[in-house]
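Note: the block below is protein.cif and it holds mmCIF, C-alpha atoms and all ligand atoms.
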data_input
loop_
_atom_site.label_atom_id
_atom_site.label_comp_id
_atom_site.auth_asym_id
_atom_site.auth_seq_id
_atom_site.Cartn_x
_atom_site.Cartn_y
_atom_site.Cartn_z
CA MET J 1 29.63 15.67 0.99
CA LYS J 2 27.63 15.03 -2.15
CA THR J 3 30.36 16.31 -4.50
CA GLN J 4 33.09 14.41 -2.73
CA LEU J 5 31.15 11.15 -2.86
CA ALA J 6 30.01 11.68 -6.41
CA ASN J 7 33.55 11.58 -7.73
CA GLN J 8 34.59 8.25 -6.35
CA GLY J 9 33.55 4.70 -5.62
CA PRO J 10 31.54 1.94 -7.31
CA THR J 11 28.18 2.28 -9.06
CA SER J 12 26.71 -1.24 -8.66
CA VAL J 13 23.90 -1.47 -6.10
CA PRO J 14 22.56 -4.33 -3.95
CA GLU J 15 19.82 -6.49 -5.46
CA LYS J 16 17.60 -6.24 -2.42
CA PHE J 17 17.34 -4.93 1.14
CA GLU J 18 18.44 -7.08 4.06
CA GLU J 19 15.43 -7.22 6.41
CA TYR J 20 17.15 -5.15 9.13
CA GLN J 21 17.98 -2.47 6.55
CA LEU J 22 14.38 -2.15 5.44
CA THR J 23 13.30 -1.98 9.10
CA GLU J 24 15.79 0.81 9.76
CA PHE J 25 14.67 2.79 6.72
CA LEU J 26 11.01 2.41 7.70
CA GLU J 27 11.71 3.47 11.28
CA LEU J 28 13.78 6.45 10.24
CA GLY J 29 11.16 7.48 7.69
CA HIS J 30 8.49 7.28 10.37
CA LYS J 31 10.59 9.31 12.80
CA LEU J 32 11.22 12.06 10.25
CA THR J 33 7.73 12.33 8.77
CA GLY J 34 5.25 10.66 11.12
CA ILE J 35 4.09 8.59 8.13
CA GLN J 36 3.08 5.01 8.95
CA LEU J 37 5.47 3.23 6.59
CA ASP J 38 5.29 -0.52 6.28
CA GLU J 39 6.39 -3.51 4.25
CA SER J 40 4.16 -2.40 1.34
CA LYS J 41 6.61 0.44 0.69
CA ARG J 42 9.47 -2.02 0.02
CA SER J 43 9.60 -1.75 -3.78
CA MET J 44 8.98 2.02 -3.82
CA LEU J 45 11.78 2.55 -1.28
CA TYR J 46 14.10 0.15 -3.07
CA ALA J 47 13.63 1.96 -6.39
CA ARG J 48 14.11 5.40 -4.89
CA LEU J 49 17.00 4.50 -2.58
CA THR J 50 19.03 2.61 -5.20
CA ARG J 51 18.76 5.75 -7.31
CA ARG J 52 20.19 7.63 -4.34
CA LEU J 53 22.99 5.09 -3.90
CA ARG J 54 23.96 5.47 -7.56
CA ALA J 55 23.91 9.25 -7.36
CA LEU J 56 26.16 9.14 -4.29
CA ARG J 57 28.29 6.29 -5.72
CA LEU J 58 27.69 4.13 -2.68
CA SER J 59 27.51 0.34 -3.08
CA THR J 60 25.65 -0.78 0.05
CA PHE J 61 22.57 0.27 1.99
CA ASP J 62 24.69 0.07 5.15
CA GLU J 63 26.88 2.90 3.86
CA TYR J 64 23.76 4.91 3.11
CA LEU J 65 22.33 4.20 6.56
CA ALA J 66 25.64 5.31 8.10
CA LEU J 67 25.46 8.56 6.13
CA LEU J 68 21.94 9.20 7.43
CA LYS J 69 22.90 8.28 10.99
CA SER J 70 25.86 10.68 10.84
CA GLY J 71 23.20 13.39 10.76
CA ASN J 72 24.17 14.76 7.32
CA PRO J 73 21.43 17.42 6.99
CA GLU J 74 21.41 17.48 3.18
CA GLU J 75 20.94 13.72 2.94
CA ILE J 76 18.33 13.66 5.70
CA GLU J 77 16.36 16.22 3.72
CA THR J 78 16.71 14.13 0.55
CA PHE J 79 15.68 10.94 2.37
CA THR J 80 12.68 12.76 3.85
CA ASN J 81 11.68 13.87 0.35
CA VAL J 82 12.09 10.27 -0.87
CA VAL J 83 9.65 8.76 1.64
CA THR J 84 6.79 11.18 1.05
CA THR J 85 4.02 10.50 -1.46
CA ASN J 86 3.13 13.60 -3.40
CA LEU J 87 0.24 12.64 -5.67
CA THR J 88 -1.92 15.66 -6.36
CA TYR J 89 -3.68 17.37 -9.23
CA PHE J 90 -5.64 20.50 -10.05
CA PHE J 91 -9.21 20.68 -8.70
CA ARG J 92 -8.89 17.29 -6.99
CA GLU J 93 -12.26 16.64 -5.33
CA PRO J 94 -13.91 19.39 -7.40
CA HIS J 95 -16.89 19.86 -5.07
CA HIS J 96 -14.52 21.52 -2.54
CA PHE J 97 -13.61 24.24 -5.01
CA GLU J 98 -17.21 24.78 -6.10
CA TYR J 99 -18.23 25.16 -2.45
CA LEU J 100 -15.35 27.54 -1.87
CA ARG J 101 -16.28 29.77 -4.82
CA ASP J 102 -20.05 29.67 -4.37
CA ASN J 103 -20.51 29.57 -0.59
CA VAL J 104 -17.35 30.41 1.32
CA VAL J 105 -16.27 33.47 -0.67
CA PRO J 106 -19.71 35.15 -0.44
CA ALA J 107 -19.86 34.41 3.31
CA LEU J 108 -16.41 35.87 3.96
CA ILE J 109 -16.59 38.74 1.46
CA PRO J 110 -20.16 40.05 1.55
CA PRO J 111 -20.85 41.94 -1.71
CA GLY J 112 -20.17 45.65 -1.35
CA LYS J 113 -18.44 45.36 2.03
CA ILE J 114 -14.74 45.70 2.75
CA ALA J 115 -13.59 42.51 4.37
CA GLU J 116 -10.37 41.78 6.22
CA PRO J 117 -7.86 39.84 4.07
CA ILE J 118 -8.81 36.18 3.99
CA ARG J 119 -6.21 33.81 5.38
CA VAL J 120 -6.04 30.35 3.88
CA TRP J 121 -3.72 27.48 4.82
CA SER J 122 -3.00 24.61 2.43
CA ALA J 123 -1.35 22.09 4.78
CA GLY J 124 0.47 19.38 2.82
CA CYS J 125 0.29 21.37 -0.42
CA SER J 126 2.57 19.02 -2.41
CA SER J 127 3.62 20.62 -5.74
CA GLY J 128 1.05 23.39 -5.55
CA GLU J 129 -1.89 22.20 -7.61
CA GLU J 130 -4.13 22.47 -4.52
CA PRO J 131 -3.29 26.08 -3.53
CA TYR J 132 -3.39 27.25 -7.17
CA SER J 133 -6.83 25.63 -7.50
CA ILE J 134 -7.90 27.45 -4.32
CA ALA J 135 -6.69 30.77 -5.74
CA MET J 136 -8.43 30.21 -9.08
CA ALA J 137 -11.71 29.15 -7.42
CA MET J 138 -11.71 32.18 -5.12
CA LEU J 139 -10.94 34.64 -7.91
CA GLU J 140 -13.62 33.10 -10.08
CA ASN J 141 -16.13 34.68 -7.72
CA PRO J 142 -16.32 38.34 -8.88
CA SER J 143 -16.49 39.69 -5.32
CA CYS J 144 -13.01 38.30 -4.59
CA LYS J 145 -10.24 40.51 -5.91
CA PRO J 146 -6.51 39.79 -6.22
CA GLY J 147 -4.86 40.88 -2.98
CA SER J 148 -7.91 40.10 -0.84
CA PHE J 149 -6.53 36.75 0.34
CA ARG J 150 -3.25 34.99 1.11
CA ILE J 151 -2.63 31.25 0.97
CA LEU J 152 0.02 29.81 3.26
CA CYS J 153 1.36 26.71 1.49
CA THR J 154 3.29 24.25 3.65
CA ASP J 155 4.78 20.82 3.08
CA LEU J 156 7.58 18.79 4.60
CA ASN J 157 9.05 17.98 1.20
CA THR J 158 11.39 20.81 0.18
CA GLU J 159 11.22 19.93 -3.54
CA MET J 160 7.45 20.26 -3.42
CA ILE J 161 7.70 23.66 -1.76
CA LEU J 162 10.02 24.81 -4.53
CA ASP J 163 7.62 23.52 -7.20
CA THR J 164 4.74 25.34 -5.51
CA LYS J 165 6.71 28.57 -5.42
CA ASN J 166 7.70 28.24 -9.07
CA GLY J 167 4.14 27.56 -10.23
CA GLU J 168 5.38 25.93 -13.41
CA TYR J 169 3.83 22.71 -14.74
CA ARG J 170 4.40 20.53 -17.78
CA GLU J 171 1.68 21.30 -20.29
CA ASP J 172 1.25 17.64 -21.22
CA SER J 173 0.88 16.40 -17.66
CA VAL J 174 -1.60 18.72 -16.01
CA ARG J 175 -4.54 16.78 -14.70
CA GLY J 176 -7.81 18.40 -13.69
CA LEU J 177 -7.11 21.73 -15.37
CA SER J 178 -9.55 22.58 -18.17
CA SER J 179 -8.19 24.27 -21.27
CA GLU J 180 -10.34 27.33 -20.41
CA ARG J 181 -8.73 27.63 -16.99
CA SER J 182 -5.30 26.91 -18.39
CA SER J 183 -5.55 29.79 -20.84
CA LYS J 184 -7.19 32.12 -18.32
CA TRP J 185 -4.82 31.57 -15.40
CA PHE J 186 -1.54 30.38 -16.94
CA GLU J 187 1.00 31.72 -19.38
CA ALA J 188 2.57 29.38 -21.86
CA PRO J 189 6.29 30.08 -22.12
CA ALA J 190 7.79 28.26 -25.11
CA ASN J 191 9.25 25.30 -23.19
CA GLY J 192 6.28 22.93 -23.03
CA LYS J 193 5.41 24.28 -19.61
CA ILE J 194 2.70 26.52 -18.30
CA LEU J 195 3.34 29.15 -15.66
CA ALA J 196 0.75 30.33 -13.14
CA LYS J 197 0.03 34.02 -13.70
CA GLN J 198 1.54 36.56 -11.35
CA GLU J 199 -1.81 37.30 -9.63
CA LEU J 200 -2.00 33.64 -8.55
CA ARG J 201 1.67 33.29 -7.61
CA GLU J 202 1.69 36.44 -5.50
CA ALA J 203 -1.19 35.12 -3.36
CA LEU J 204 0.96 32.19 -2.19
CA ILE J 205 3.42 32.14 0.71
CA CYS J 206 5.43 28.90 0.58
CA LYS J 207 7.20 27.41 3.60
CA LYS J 208 8.62 24.06 4.62
CA LEU J 209 6.75 22.80 7.68
CA ASN J 210 6.54 19.41 9.31
CA ILE J 211 2.95 19.17 10.54
CA PHE J 212 4.28 17.62 13.77
CA ASP J 213 6.46 20.65 14.58
CA SER J 214 5.05 23.77 16.19
CA TRP J 215 3.13 25.98 13.77
CA PRO J 216 4.33 29.59 13.53
CA ILE J 217 0.86 30.68 12.45
CA ARG J 218 -1.29 33.39 14.00
CA ALA J 219 -4.80 32.38 15.11
CA GLY J 220 -7.72 33.48 12.96
CA VAL J 221 -7.14 31.34 9.85
CA HIS J 222 -10.38 31.51 7.85
CA ILE J 223 -9.94 28.44 5.64
CA ILE J 224 -7.82 25.32 6.09
CA PHE J 225 -7.32 22.71 3.39
CA CYS J 226 -5.67 19.57 4.75
CA ARG J 227 -6.42 16.85 2.27
CA ASN J 228 -4.83 13.48 1.72
CA LEU J 229 -2.23 14.05 4.41
CA LEU J 230 -3.98 12.78 7.55
CA ILE J 231 -4.50 9.35 5.92
CA TYR J 232 -0.82 8.66 6.48
CA PHE J 233 -1.09 9.14 10.24
CA SER J 234 -2.47 7.23 13.23
CA PRO J 235 -5.94 8.14 14.60
CA ASP J 236 -4.34 9.84 17.64
CA GLN J 237 -2.02 11.89 15.46
CA GLN J 238 -4.98 12.88 13.26
CA THR J 239 -6.99 14.03 16.27
CA LYS J 240 -4.04 16.04 17.57
CA ILE J 241 -3.62 17.82 14.23
CA VAL J 242 -7.33 18.59 13.85
CA THR J 243 -7.43 19.91 17.43
CA GLY J 244 -4.52 22.16 16.44
CA PHE J 245 -6.55 23.43 13.48
CA ALA J 246 -9.47 24.16 15.81
CA LYS J 247 -7.18 26.30 17.97
CA LEU J 248 -6.19 28.35 14.92
CA GLN J 249 -9.74 29.00 13.73
CA ARG J 250 -12.50 31.22 15.06
CA ALA J 251 -16.15 30.20 14.98
CA GLY J 252 -17.27 30.13 11.34
CA GLY J 253 -13.85 29.10 9.95
CA TYR J 254 -13.83 26.39 7.27
CA LEU J 255 -11.95 23.08 7.18
CA PHE J 256 -11.65 20.87 4.10
CA LEU J 257 -10.42 17.29 4.57
CA GLY J 258 -9.71 14.55 2.03
CA HIS J 259 -12.55 12.26 0.96
CA SER J 260 -11.25 9.23 2.88
CA GLU J 261 -10.27 11.07 6.04
CA ALA J 262 -12.78 10.25 8.77
CA VAL J 263 -11.10 11.91 11.71
CA LYS J 264 -12.21 10.91 15.18
CA ASP J 265 -13.28 13.94 17.25
CA VAL J 266 -13.55 16.38 14.33
CA ASP J 267 -17.20 16.82 15.39
CA LYS J 268 -16.08 18.13 18.78
CA TYR J 269 -15.08 21.47 17.27
CA TYR J 270 -16.58 21.47 13.79
CA LYS J 271 -20.01 20.94 12.31
CA ARG J 272 -20.34 19.07 9.03
CA ILE J 273 -21.66 21.38 6.31
CA GLY J 274 -20.90 19.30 3.23
CA ASN J 275 -19.10 16.24 1.99
CA THR J 276 -15.78 16.44 3.95
CA ILE J 277 -16.38 20.16 4.52
CA PHE J 278 -16.56 21.42 8.11
CA GLN J 279 -17.24 24.71 9.88
CA ARG J 280 -15.75 25.69 13.22
CA THR J 281 -18.27 25.91 16.04
CA SER J 282 -17.80 28.13 19.08
CA THR J 283 -16.79 25.21 21.35
CA LYS J 284 -13.56 26.14 23.13
CA VAL J 285 -10.53 23.87 22.68
C1 LIG C 301 -0.72 13.00 -1.14
S1 LIG C 301 -0.07 14.61 -0.94
C2 LIG C 301 -1.55 15.57 -0.84
C3 LIG C 301 -1.46 16.85 -1.64
C4 LIG C 301 -2.72 17.70 -1.68
N1 LIG C 301 -3.11 18.15 -0.37
C5 LIG C 301 -3.86 16.94 -2.32
O1 LIG C 301 -4.80 16.53 -1.65
O2 LIG C 301 -3.83 16.75 -3.55
C6 LIG C 301 0.50 14.60 0.76
C7 LIG C 301 1.57 15.65 1.03
O3 LIG C 301 1.82 15.68 2.43
C8 LIG C 301 3.21 15.89 2.63
N2 LIG C 301 3.62 15.39 3.96
C9 LIG C 301 3.84 14.11 4.37
N3 LIG C 301 4.20 14.07 5.65
C10 LIG C 301 4.19 15.35 6.09
C11 LIG C 301 4.45 15.97 7.35
N4 LIG C 301 4.82 15.25 8.41
N5 LIG C 301 4.33 17.31 7.45
C12 LIG C 301 3.96 18.05 6.37
N6 LIG C 301 3.70 17.53 5.16
C13 LIG C 301 3.82 16.19 5.01
C14 LIG C 301 3.88 15.13 1.49
O4 LIG C 301 5.17 15.61 1.22
C15 LIG C 301 2.90 15.34 0.35
O5 LIG C 301 3.27 16.41 -0.47
#
Show the structure stored in the file as structure tokens.
Ligand SMILES: C[S@@+](CC[C@H](N)C(=O)[O-])C[C@H]1O[C@@H](n2cnc3c(N)ncnc32)[C@H](O)[C@@H]1O
Amino acid sequence: MKTQLANQGPTSVPEKFEEYQLTEFLELGHKLTGIQLDESKRSMLYARLTRRLRALRLSTFDEYLALLKSGNPEEIETFTNVVTTNLTYFFREPHHFEYLRDNVVPALIPPGKIAEPIRVWSAGCSSGEEPYSIAMAMLENPSCKPGSFRILCTDLNTEMILDTKNGEYREDSVRGLSSERSSKWFEAPANGKILAKQELREALICKKLNIFDSWPIRAGVHIIFCRNLLIYFSPDQQTKIVTGFAKLQRAGGYLFLGHSEAVKDVDKYYKRIGNTIFQRTSTKV
């Protein structure tokens, strides 16, 4: 479809959305992602969707809406990627990673004991800076060895999942990564990019997952990071997701939320052990 459309048709794009078009885009975006999209997204959507129109050589938003409504899977995936916000950076909310290295790792891997492999889930991992920061923080504790943990990295945005898998970042745009960590944990191939070292990349399992779909994840996840994703959802949706996390974790499991995510009912199943850090209690779900 893409190739066929790319070879024909006009390149000029409409100057603005008609109101009904914006409403349809917002509704479709909400249906596909669960994200509460509103009028404030107008200019972001306009910029991103006119780019799409040009790439497809379409001249009206109606044609683009028709393409989406036809159920074209490739375009639905692209549209879904367009409506997500992917801001992230290395060691965002640094106290989480310090707590992980200094408190969680020693609790889960007591020195001198053989522990079961630690299972971590980075839900809404974006382009991977979060799971790579988790891996670095864990390995910075000497009792944690490569191979002793796995990080499941999921996101709805397929481009982000690919970026996470690749583990390659532009050297001039990494935020939050100190030069010491960059040289310890990344290789610098000669293309202005840095590449996460094999021992980090092999700890990651990357999968596309809409948080509202069923989770093909075995219970017993030790650590869940779900940061700066729940803010996009309604309080009821947030509670449903956190209850789902509680079902996946045994007593003692850790949950890290974003700094502005005050989720109703989190205290039902978790006790607060730090700033936006929670530990699963034994209360049954
Ligand atoms: C702002 S980023 C947060 C990234 C990272 N956790 C952090 O705190 O830096 C939110 C991520 O959630 C993803 N996302 C949005 N809606 C989603 C959904 N319904 N299911 C799974 N991921 C979703 C977006 O694609 C985006 O990459």
Please provide the set of residues having any atom within 6 Å of range 97-112 of chain J, restricted to only C-alpha atoms, with same-chain residues fewer than 3 positions apart removed, written as a ChimeraX atom specification. /J:94,115,137-138,141
From CA of Asn191 in chain J to CA of Leu204 in chain J the spacing works out at 23.6 Å
Determine, using all atoms listed in the file, which residues of chain J have any atom at most 7 Å from an atom of ligand LIG 301 (chain C), and tabulate each with its shortest atom pair and distance in Å to one decimal place, rows ordered by chain and then rising number, as JSON lines.
{"residue": "J:Thr33", "atom": "CA", "partner": "C:LIG301", "partner_atom": "N4", "distance": 4.1}
{"residue": "J:Gly34", "atom": "CA", "partner": "C:LIG301", "partner_atom": "N4", "distance": 5.3}
{"residue": "J:Ile35", "atom": "CA", "partner": "C:LIG301", "partner_atom": "N3", "distance": 6.0}
{"residue": "J:Asn81", "atom": "CA", "partner": "C:LIG301", "partner_atom": "O4", "distance": 6.8}
{"residue": "J:Thr84", "atom": "CA", "partner": "C:LIG301", "partner_atom": "O4", "distance": 4.7}
{"residue": "J:Thr85", "atom": "CA", "partner": "C:LIG301", "partner_atom": "C15", "distance": 5.3}
{"residue": "J:Asn86", "atom": "CA", "partner": "C:LIG301", "partner_atom": "O5", "distance": 4.1}
{"residue": "J:Leu87", "atom": "CA", "partner": "C:LIG301", "partner_atom": "C1", "distance": 4.6}
{"residue": "J:Thr88", "atom": "CA", "partner": "C:LIG301", "partner_atom": "O2", "distance": 3.6}
{"residue": "J:Tyr89", "atom": "CA", "partner": "C:LIG301", "partner_atom": "O2", "distance": 5.7}
{"residue": "J:Arg92", "atom": "CA", "partner": "C:LIG301", "partner_atom": "O2", "distance": 6.1}
{"residue": "J:Ala123", "atom": "CA", "partner": "C:LIG301", "partner_atom": "N1", "distance": 6.7}
{"residue": "J:Gly124", "atom": "CA", "partner": "C:LIG301", "partner_atom": "O3", "distance": 4.0}
{"residue": "J:Cys125", "atom": "CA", "partner": "C:LIG301", "partner_atom": "N1", "distance": 4.7}
{"residue": "J:Ser126", "atom": "CA", "partner": "C:LIG301", "partner_atom": "O5", "distance": 3.3}
{"residue": "J:Ser127", "atom": "CA", "partner": "C:LIG301", "partner_atom": "O5", "distance": 6.8}
{"residue": "J:Glu130", "atom": "CA", "partner": "C:LIG301", "partner_atom": "C4", "distance": 5.7}
{"residue": "J:Thr154", "atom": "CA", "partner": "C:LIG301", "partner_atom": "C12", "distance": 6.8}
{"residue": "J:Asp155", "atom": "CA", "partner": "C:LIG301", "partner_atom": "N6", "distance": 4.0}
{"residue": "J:Leu156", "atom": "CA", "partner": "C:LIG301", "partner_atom": "C12", "distance": 4.1}
{"residue": "J:Asn157", "atom": "CA", "partner": "C:LIG301", "partner_atom": "O4", "distance": 4.5}
{"residue": "J:Met160", "atom": "CA", "partner": "C:LIG301", "partner_atom": "O5", "distance": 6.4}
{"residue": "J:Leu209", "atom": "CA", "partner": "C:LIG301", "partner_atom": "C12", "distance": 5.7}
{"residue": "J:Asn210", "atom": "CA", "partner": "C:LIG301", "partner_atom": "N5", "distance": 3.6}
{"residue": "J:Ile211", "atom": "CA", "partner": "C:LIG301", "partner_atom": "N5", "distance": 3.9}
{"residue": "J:Phe212", "atom": "CA", "partner": "C:LIG301", "partner_atom": "N4", "distance": 5.9}
{"residue": "J:Cys226", "atom": "CA", "partner": "C:LIG301", "partner_atom": "N1", "distance": 5.9}
{"residue": "J:Arg227", "atom": "CA", "partner": "C:LIG301", "partner_atom": "O1", "distance": 4.3}
{"residue": "J:Asn228", "atom": "CA", "partner": "C:LIG301", "partner_atom": "O1", "distance": 4.5}
{"residue": "J:Leu229", "atom": "CA", "partner": "C:LIG301", "partner_atom": "C6", "distance": 4.6}
{"residue": "J:Gly258", "atom": "CA", "partner": "C:LIG301", "partner_atom": "O1", "distance": 6.4}
I'd like to know which of J:Glu75, J:His96, J:Glu15, J:Gln237 is closest to Thr50 in chain J, using all atoms listed in the file.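 Of J:Glu75, J:His96, J:Glu15, J:Gln237, the one nearest Thr50 in chain J, counting all atoms listed in the file, is J:Glu15.
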When you look at range 176-189 of chain J with a cut-off of 9 Å (counting only C-alpha atoms), what residues show up, excluding the ones that are within fewer than 6 positions of it in the same chain? I need them as a ChimeraX atom specification. /J:89-92,94,133,136,168,195-200
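CA of Ser214 in chain J sits 15.4 Å away from CA of Cys153 in chain J.
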Go ahead and compute the interatomic distance for CA of Val13 in chain J and CA of Glu27 in chain J, in Å to one decimal. 21.8 Å
Let me make sure I understand: among J:Thr283, J:Gln238, J:Gln249, J:Ser122, which one has the smallest atom-to-atom distance to Glu261 in chain J if we use all atoms listed in the file?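 Among the listed residues, J:Gln238 lies closest to Glu261 in chain J.
Nearest to Leu248 in chain J of all the residues J:Arg119, J:Ala190, J:Tyr132, J:Pro146 is J:Arg119, based on only C-alpha atoms.
Using only C-alpha atoms, the contacts of Thr23 in chain J at a cut-off of 10 Å, with sequence neighbours closer than 5 positions omitted, comprise J:Phe17, J:Glu18, J:Leu28, J:Gly29, J:Leu37, J:Asp38, J:Glu39, J:Arg42.
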Residues from the last selection, C-alpha atoms, saved as a tab-separated table (two decimals), in the coordinates of the input:
chain	number	residue	atom	x	y	z
J	17	PHE	CA	17.34	-4.93	1.14
J	18	GLU	CA	18.44	-7.08	4.06
J	28	LEU	CA	13.78	6.45	10.24
J	29	GLY	CA	11.16	7.48	7.69
J	37	LEU	CA	5.47	3.23	6.59
J	38	ASP	CA	5.29	-0.52	6.28
J	39	GLU	CA	6.39	-3.51	4.25
J	42	ARG	CA	9.47	-2.02	0.02
Show which residues sit within 8 Å of His222 in chain J, as an mmCIF file with C-alpha atoms, in the coordinates of the input. Count all atoms listed in the file, and ignore same-chain residues fewer than 6 positions away.
data_model
loop_
_atom_site.group_PDB
_atom_site.id
_atom_site.type_symbol
_atom_site.label_atom_id
_atom_site.label_comp_id
_atom_site.auth_asym_id
_atom_site.auth_seq_id
_atom_site.Cartn_x
_atom_site.Cartn_y
_atom_site.Cartn_z
ATOM 1 C CA ILE J 118 -8.810 36.180 3.990
ATOM 2 C CA ARG J 119 -6.210 33.810 5.380
ATOM 3 C CA VAL J 120 -6.040 30.350 3.880
ATOM 4 C CA GLN J 249 -9.740 29.000 13.730
ATOM 5 C CA ARG J 250 -12.500 31.220 15.060
ATOM 6 C CA GLY J 252 -17.270 30.130 11.340
ATOM 7 C CA GLY J 253 -13.850 29.100 9.950
ATOM 8 C CA TYR J 254 -13.830 26.390 7.270
#
J:Ala219, J:Lys193, J:Thr158, J:Tyr270: which is nearest Glu77 in chain J, counting all atoms listed in the file?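 Going through J:Ala219, J:Lys193, J:Thr158, J:Tyr270 one by one, the smallest distance to Glu77 in chain J is for J:Thr158.
When only C-alpha atoms are used to measure the gap to Leu255 in chain J, the shortest distance among J:Ile277, J:Leu22, J:Ala135, J:Leu230 belongs to J:Ile277.
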First collect every listed atom of range 204-209 of chain J; then fit an axis-aligned box around them, widen it by 4 Å on each side, and give centre and edge lengths in Å to one decimal, as lines of an AutoDock Vina configuration file.
center_x = 4.8
center_y = 27.5
center_z = 2.7
size_x = 15.7
size_y = 17.4
size_z = 17.9
For each of J:Ala55, J:Asp213, J:Ile134, J:Ile161, take the minimum atom-to-atom distance to Phe225 in chain J, counting only C-alpha atoms, then give the residue where this is smallest.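 Closest to Phe225 in chain J, using only C-alpha atoms: J:Ile134.
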